[in-house]
>>> print(open('start00.txt').read())   # compact mmCIF, C-alpha atoms
# COMPACT_ATOMS: atom_id res chain seq x y z
CA MET A 226 -20.21 -20.05 14.73
CA THR A 227 -17.48 -20.03 17.37
CA ASP A 228 -17.72 -17.47 20.16
CA LEU A 229 -15.03 -16.27 22.54
CA THR A 230 -15.94 -18.73 25.28
CA GLU A 231 -15.68 -21.70 22.93
CA ALA A 232 -12.47 -20.43 21.32
CA LEU A 233 -10.78 -19.98 24.70
CA ALA A 234 -11.97 -23.41 25.81
CA GLN A 235 -10.32 -24.96 22.75
CA LEU A 236 -7.09 -23.08 23.39
CA GLU A 237 -7.16 -24.17 27.04
CA ALA A 238 -7.72 -27.78 25.97
CA ALA A 239 -4.55 -27.63 23.85
CA ALA A 240 -2.50 -26.01 26.63
CA ASP A 241 0.72 -27.51 27.92
CA PRO A 242 1.36 -26.16 31.44
CA ALA A 243 4.98 -27.34 31.27
CA LYS A 244 5.66 -25.17 28.22
CA ALA A 245 3.90 -22.05 29.47
CA PRO A 246 6.68 -20.84 31.84
CA GLU A 247 9.29 -21.44 29.12
CA MET A 248 7.28 -19.33 26.69
CA ALA A 249 6.83 -16.56 29.24
CA ALA A 250 10.58 -16.47 29.85
CA TYR A 251 11.32 -16.47 26.12
CA HIS A 252 8.87 -13.78 25.01
CA LYS A 253 9.38 -11.67 28.17
CA ALA A 254 6.11 -9.76 27.81
CA PRO A 255 4.03 -9.89 31.02
CA ARG A 256 0.85 -11.74 30.05
CA ARG A 257 -0.68 -15.18 30.43
CA TYR A 258 0.82 -18.02 28.38
CA LEU A 259 -0.90 -21.35 27.80
CA GLY A 260 1.88 -23.32 26.13
CA VAL A 261 0.06 -23.87 22.82
CA THR A 262 2.20 -24.14 19.67
CA VAL A 263 1.70 -21.97 16.61
CA PRO A 264 0.67 -24.93 14.40
CA GLN A 265 -1.99 -25.82 16.97
CA ILE A 266 -3.23 -22.23 17.06
CA THR A 267 -3.28 -22.09 13.27
CA ALA A 268 -5.34 -25.27 13.04
CA LEU A 269 -7.86 -23.95 15.55
CA ALA A 270 -8.14 -20.56 13.84
CA ASP A 271 -8.61 -22.21 10.45
CA GLY A 272 -11.50 -24.20 11.87
CA TRP A 273 -13.14 -21.17 13.42
CA ARG A 274 -12.73 -19.10 10.27
CA ALA A 275 -14.34 -21.75 8.06
CA GLY A 276 -17.68 -21.35 9.80
CA MET A 277 -17.77 -17.56 10.06
CA ASP A 278 -18.49 -14.59 7.84
CA VAL A 279 -16.05 -11.67 7.77
CA PRO A 280 -17.81 -9.56 10.45
CA GLY A 281 -17.85 -12.62 12.70
CA ARG A 282 -14.14 -13.22 12.22
CA VAL A 283 -13.35 -9.59 12.99
CA ALA A 284 -15.52 -9.66 16.11
CA LEU A 285 -13.90 -12.85 17.40
CA ALA A 286 -10.42 -11.53 16.59
CA ASP A 287 -11.17 -8.37 18.55
CA ALA A 288 -12.45 -10.36 21.52
CA LEU A 289 -9.49 -12.74 21.50
CA TRP A 290 -7.02 -9.84 21.37
CA GLN A 291 -8.64 -8.15 24.34
CA THR A 292 -8.02 -11.18 26.56
CA ASP A 293 -4.30 -10.36 26.45
CA ILE A 294 -3.49 -14.09 26.44
CA HIS A 295 -0.45 -14.77 24.26
CA GLU A 296 -2.00 -17.58 22.22
CA ALA A 297 -5.34 -15.77 21.94
CA ARG A 298 -3.62 -12.74 20.40
CA ILE A 299 -1.82 -14.94 17.89
CA ALA A 300 -5.14 -16.65 17.12
CA ALA A 301 -6.71 -13.22 16.58
CA ALA A 302 -4.09 -12.44 13.96
CA LYS A 303 -4.50 -15.87 12.35
CA LEU A 304 -8.23 -15.25 11.93
CA LEU A 305 -7.44 -12.26 9.71
CA ALA A 306 -4.41 -13.68 7.84
CA GLN A 307 -6.26 -14.31 4.61
CA ALA A 308 -5.56 -12.84 1.18
CA ARG A 309 -9.22 -12.67 0.10
CA LEU A 310 -11.26 -10.88 2.72
CA ARG A 311 -14.20 -8.80 1.58
CA PRO A 312 -15.08 -6.37 2.92
CA ASP A 313 -11.78 -5.85 4.72
CA GLU A 314 -11.95 -2.29 6.06
CA ALA A 315 -12.94 -3.42 9.56
CA ALA A 316 -10.15 -6.01 9.58
CA TRP A 317 -7.58 -3.40 8.54
CA ASP A 318 -8.80 -0.94 11.16
CA LEU A 319 -8.63 -3.63 13.84
CA ILE A 320 -5.08 -4.62 12.91
CA CYS A 321 -4.02 -0.96 13.01
CA SER A 322 -5.61 -0.60 16.45
CA TRP A 323 -3.39 -3.43 17.73
CA VAL A 324 -0.11 -1.82 16.68
CA PRO A 325 0.28 0.57 19.67
CA ALA A 326 -0.07 -2.45 21.98
CA PHE A 327 2.79 -4.43 20.43
CA ASP A 328 5.33 -5.34 23.08
CA ALA A 329 6.99 -8.54 21.82
CA TRP A 330 8.12 -9.80 18.44
CA ALA A 331 5.95 -12.92 18.04
CA ILE A 332 2.56 -11.30 18.47
CA ALA A 333 3.72 -8.27 16.48
CA ASP A 334 4.93 -10.43 13.59
CA HIS A 335 1.76 -12.51 13.39
CA ALA A 336 -0.36 -9.36 13.42
CA CYS A 337 1.84 -7.79 10.74
CA ASP A 338 1.51 -10.95 8.66
CA ALA A 339 -2.25 -10.42 8.65
CA GLY A 340 -1.70 -6.75 7.90
CA GLN A 341 0.50 -7.54 4.90
CA ARG A 342 -2.48 -9.08 3.12
CA ARG A 343 -4.59 -6.01 3.76
CA LEU A 344 -1.84 -3.76 2.40
CA LEU A 345 -1.51 -5.86 -0.73
CA ALA A 346 -5.29 -5.68 -1.17
CA ASP A 347 -5.14 -1.87 -0.95
CA PRO A 348 -1.63 -0.42 -1.27
CA SER A 349 -2.94 3.08 -0.56
CA ARG A 350 -2.95 1.98 3.09
CA VAL A 351 0.82 2.42 3.06
CA ARG A 352 0.02 6.06 3.78
CA THR A 353 -1.23 4.99 7.21
CA VAL A 354 1.90 2.90 7.78
CA ALA A 355 4.12 5.87 6.88
CA GLY A 356 2.81 7.60 9.98
CA TRP A 357 4.10 4.78 12.16
CA THR A 358 7.72 5.55 11.26
CA THR A 359 7.87 8.59 13.55
CA SER A 360 6.12 6.99 16.53
CA PRO A 361 7.92 7.14 19.89
CA HIS A 362 6.84 3.51 20.33
CA MET A 363 9.64 1.27 19.06
CA TRP A 364 7.33 -1.62 18.15
CA THR A 365 5.19 0.69 16.01
CA ARG A 366 8.26 1.94 14.12
CA ARG A 367 9.41 -1.65 13.63
CA ALA A 368 5.96 -2.68 12.40
CA ALA A 369 6.27 -0.27 9.48
CA LEU A 370 9.08 -2.44 8.07
CA VAL A 371 7.61 -5.83 8.98
CA ILE A 372 4.18 -5.12 7.50
CA THR A 373 5.68 -3.91 4.20
CA LEU A 374 7.93 -6.96 3.68
CA PRO A 375 5.95 -8.09 0.60
CA TRP A 376 7.50 -5.20 -1.32
CA ALA A 377 10.97 -6.56 -0.54
CA LYS A 378 10.01 -9.87 -2.13
CA MET A 379 8.53 -8.72 -5.44
CA ASN A 380 10.26 -9.51 -8.73
CA HIS A 381 8.03 -7.66 -11.17
CA LEU A 382 7.04 -4.28 -9.80
CA SER A 383 4.38 -1.95 -11.10
CA PRO A 384 5.29 1.75 -10.95
CA GLN A 385 3.24 1.97 -7.76
CA ASP A 386 5.05 -0.99 -6.20
CA ALA A 387 8.44 0.43 -7.19
CA ALA A 388 7.53 3.72 -5.53
CA ILE A 389 6.44 1.93 -2.34
CA ARG A 390 9.66 -0.08 -2.25
CA GLU A 391 11.73 3.08 -2.50
CA GLU A 392 9.62 4.80 0.14
CA VAL A 393 10.17 1.93 2.57
CA LEU A 394 13.90 1.97 1.85
CA GLY A 395 13.77 5.64 2.77
CA TRP A 396 12.22 4.71 6.10
CA ALA A 397 14.93 2.11 6.61
CA ALA A 398 17.59 4.70 5.87
CA GLY A 399 16.06 6.89 8.56
CA TYR A 400 16.26 4.00 11.03
CA VAL A 401 19.94 3.16 10.64
CA THR A 402 21.01 5.50 13.44
CA ASP A 403 18.48 3.95 15.83
CA ARG A 404 20.50 1.75 18.18
CA ASP A 405 17.60 -0.46 19.25
CA TRP A 406 18.34 -4.11 18.44
CA PHE A 407 14.86 -4.81 17.08
CA ILE A 408 14.97 -1.82 14.75
CA GLN A 409 18.39 -2.77 13.45
CA LYS A 410 17.21 -6.37 13.01
CA ALA A 411 14.17 -5.19 11.04
CA VAL A 412 16.33 -3.12 8.70
CA GLY A 413 18.65 -6.08 8.13
CA TRP A 414 15.67 -8.39 7.58
CA TRP A 415 14.10 -6.09 4.96
CA LEU A 416 17.39 -5.78 3.10
CA ARG A 417 18.10 -9.52 3.33
CA ASP A 418 14.75 -10.33 1.71
CA LEU A 419 15.24 -7.64 -0.92
CA SER A 420 18.71 -8.95 -1.79
CA LYS A 421 17.15 -12.10 -3.26
CA HIS A 422 15.21 -9.97 -5.75
CA ASP A 423 17.32 -6.83 -6.24
CA ALA A 424 20.86 -7.40 -4.97
CA ALA A 425 22.16 -4.27 -6.66
CA ARG A 426 19.76 -2.03 -4.75
CA VAL A 427 20.82 -3.58 -1.44
CA ARG A 428 24.47 -3.01 -2.27
CA VAL A 429 23.71 0.66 -2.98
CA PHE A 430 21.86 0.96 0.34
CA LEU A 431 24.71 -0.62 2.28
CA ALA A 432 27.28 1.57 0.53
CA GLU A 433 25.34 4.64 1.60
CA HIS A 434 24.16 3.61 5.06
CA GLY A 435 25.96 0.43 6.14
CA GLY A 436 28.52 2.37 8.10
CA GLN A 437 25.79 3.61 10.45
CA MET A 438 24.23 0.19 10.98
CA LYS A 439 25.22 -2.26 13.69
CA ALA A 440 27.51 -5.03 12.48
CA PHE A 441 24.95 -7.79 13.04
CA ALA A 442 22.37 -5.92 10.93
CA VAL A 443 24.84 -5.50 8.07
CA LYS A 444 25.66 -9.20 8.32
CA GLU A 445 21.94 -10.00 8.14
CA ALA A 446 21.48 -7.74 5.11
CA ARG A 447 24.43 -9.33 3.34
CA LYS A 448 23.44 -12.93 4.10
CA HIS A 449 22.48 -13.75 0.50
CA LEU A 450 25.01 -11.40 -1.06
CA ASP A 451 27.97 -13.12 0.57
CA GLY A 452 26.61 -16.66 0.64
>>> encode(input="start00.txt", output="structure tokens")
Amino acid sequence: MTDLTEALAQLEAAADPAKAPEMAAYHKAPRRYLGVTVPQITALADGWRAGMDVPGRVALADALWQTDIHEARIAAAKLLAQARLRPDEAAWDLICSWVPAFDAWAIADHACDAGQRRLLADPSRVRTVAGWTTSPHMWTRRAALVITLPWAKMNHLSPQDAAIREEVLGWAAGYVTDRDWFIQKAVGWWLRDLSKHDAARVRVFLAEHGGQMKAFAVKEARKHLDG
């Protein structure tokens, strides 16, 4: 069973000091960067996960996150990015506890990727996500759209899934007047993915709200409609 000391040693062994400053400049969040690629992190996390039970994975993910090292936080998310995870309440609670600390897109997106699986396992958790939409913290508001992306990609919706999709589109409609680039990008991203499965609904959304969106977000939303 891998502990924090061993996990960090493996991340350090994969570090590329030449890449670390480039990553720091790119992600812009003030934390330590090792210069380890995502495929390398994924391979390490897969190895750790294989020898651990669910409580062990959650404990290691928590410890890795608390280091505030870029690659360690991505590894924490990778440890929990699994469709079948039983019991998963502690994993869901841990992912939710990370959301207020989001400060850059890469870590946020990897954490939300793990969270997507927990939402799909228990869609009633969307009620928690709904509360994020009114947060003063931009990254929390953005996370509400990123973590619910699976509902933009569904072809055959149950009544519950259809209701969730419409609820999220309601959140997106409430975001269109937000001028933050990342919020606008998230709206465009959600609509772009939805357009591959329900183009008509995206056209309706853009007819109603496109005039309030930034041009680049509309372009993103229309990528598969105009292509």
>>> atom_distance(input="start00.txt", atom1="CA of Val427 in chain A", atom2="CA of Lys439 in chain A")
15.8 Å
>>> atom_distance(input="start00.txt", atom1="CA of Leu394 in chain A", atom2="CA of Val371 in chain A")
12.3 Å
>>> closest_residue(input="start00.txt", among="A:Arg309, A:His362, A:Arg352, A:His295", to="Ala254 in chain A", atoms="all atoms listed in the file")
A:His295
>>> atom_distance(input="start00.txt", atom1="CA of Ala397 in chain A", atom2="CA of Trp415 in chain A")
8.4 Å
>>> closest_residue(input="start00.txt", among="A:Ala336, A:His422, A:Pro384, A:Gly276", to="Thr227 in chain A", atoms="all atoms listed in the file")
A:Gly276
>>> residues_around(input="start00.txt", residues="Leu310 in chain A", least_positions_apart="6", cutoff="10 Å", atoms="all atoms listed in the file", output="list of chain:residue names")
A:Asp278, A:Val279, A:Ala316, A:Arg342, A:Arg343, A:Ala346
>>> residues_around(input="start00.txt", residues="Arg367 in chain A", least_positions_apart="6", cutoff="12 Å", atoms="only C-alpha atoms", output="MDAnalysis selection string")
chainID A and resid 324:325 327:330 333:334 337 354:361 373:374 393 396:397 399:401 403 405:415
>>> residues_around(input="start00.txt", residues="range 282-287 of chain A", least_positions_apart="6", cutoff="8 Å", atoms="all atoms listed in the file", output="JSON, numbers by chain")
{"A": [228, 229, 274, 298, 300, 301, 302, 304, 305, 315, 316, 319]}
>>> write_last_selection(input="start00.txt", atoms="C-alpha atoms", output="mmCIF file, in the frame of the given file")
data_model
loop_
_atom_site.group_PDB
_atom_site.id
_atom_site.type_symbol
_atom_site.label_atom_id
_atom_site.label_comp_id
_atom_site.auth_asym_id
_atom_site.auth_seq_id
_atom_site.Cartn_x
_atom_site.Cartn_y
_atom_site.Cartn_z
ATOM 1 C CA ASP A 228 -17.720 -17.470 20.160
ATOM 2 C CA LEU A 229 -15.030 -16.270 22.540
ATOM 3 C CA ARG A 274 -12.730 -19.100 10.270
ATOM 4 C CA ARG A 298 -3.620 -12.740 20.400
ATOM 5 C CA ALA A 300 -5.140 -16.650 17.120
ATOM 6 C CA ALA A 301 -6.710 -13.220 16.580
ATOM 7 C CA ALA A 302 -4.090 -12.440 13.960
ATOM 8 C CA LEU A 304 -8.230 -15.250 11.930
ATOM 9 C CA LEU A 305 -7.440 -12.260 9.710
ATOM 10 C CA ALA A 315 -12.940 -3.420 9.560
ATOM 11 C CA ALA A 316 -10.150 -6.010 9.580
ATOM 12 C CA LEU A 319 -8.630 -3.630 13.840
#
>>> residues_around(input="start00.txt", residues="Val429 in chain A", least_positions_apart="2", cutoff="12 Å", atoms="only C-alpha atoms", output="list in words")
Leu394, Ala398, Leu416, Ser420, Asp423, Ala424, Ala425, Arg426, Val427, Leu431, Ala432, Glu433, His434, Gly435, Ala446 and Arg447 of chain A
>>> closest_residue(input="start00.txt", among="A:Thr230, A:Trp273, A:Glu296, A:Ser383", to="Val261 in chain A", atoms="all atoms listed in the file")
A:Glu296
>>> residues_near_point(input="start00.txt", point="(-11.8, -12.8, 25.9)", cutoff="8 Å", atoms="only C-alpha atoms", output="ChimeraX atom specification")
/A:229-230,233,288-293
>>> closest_residue(input="start00.txt", among="A:Ala249, A:Gly281, A:Asp338, A:Ile299", to="Pro264 in chain A", atoms="only C-alpha atoms")
A:Ile299
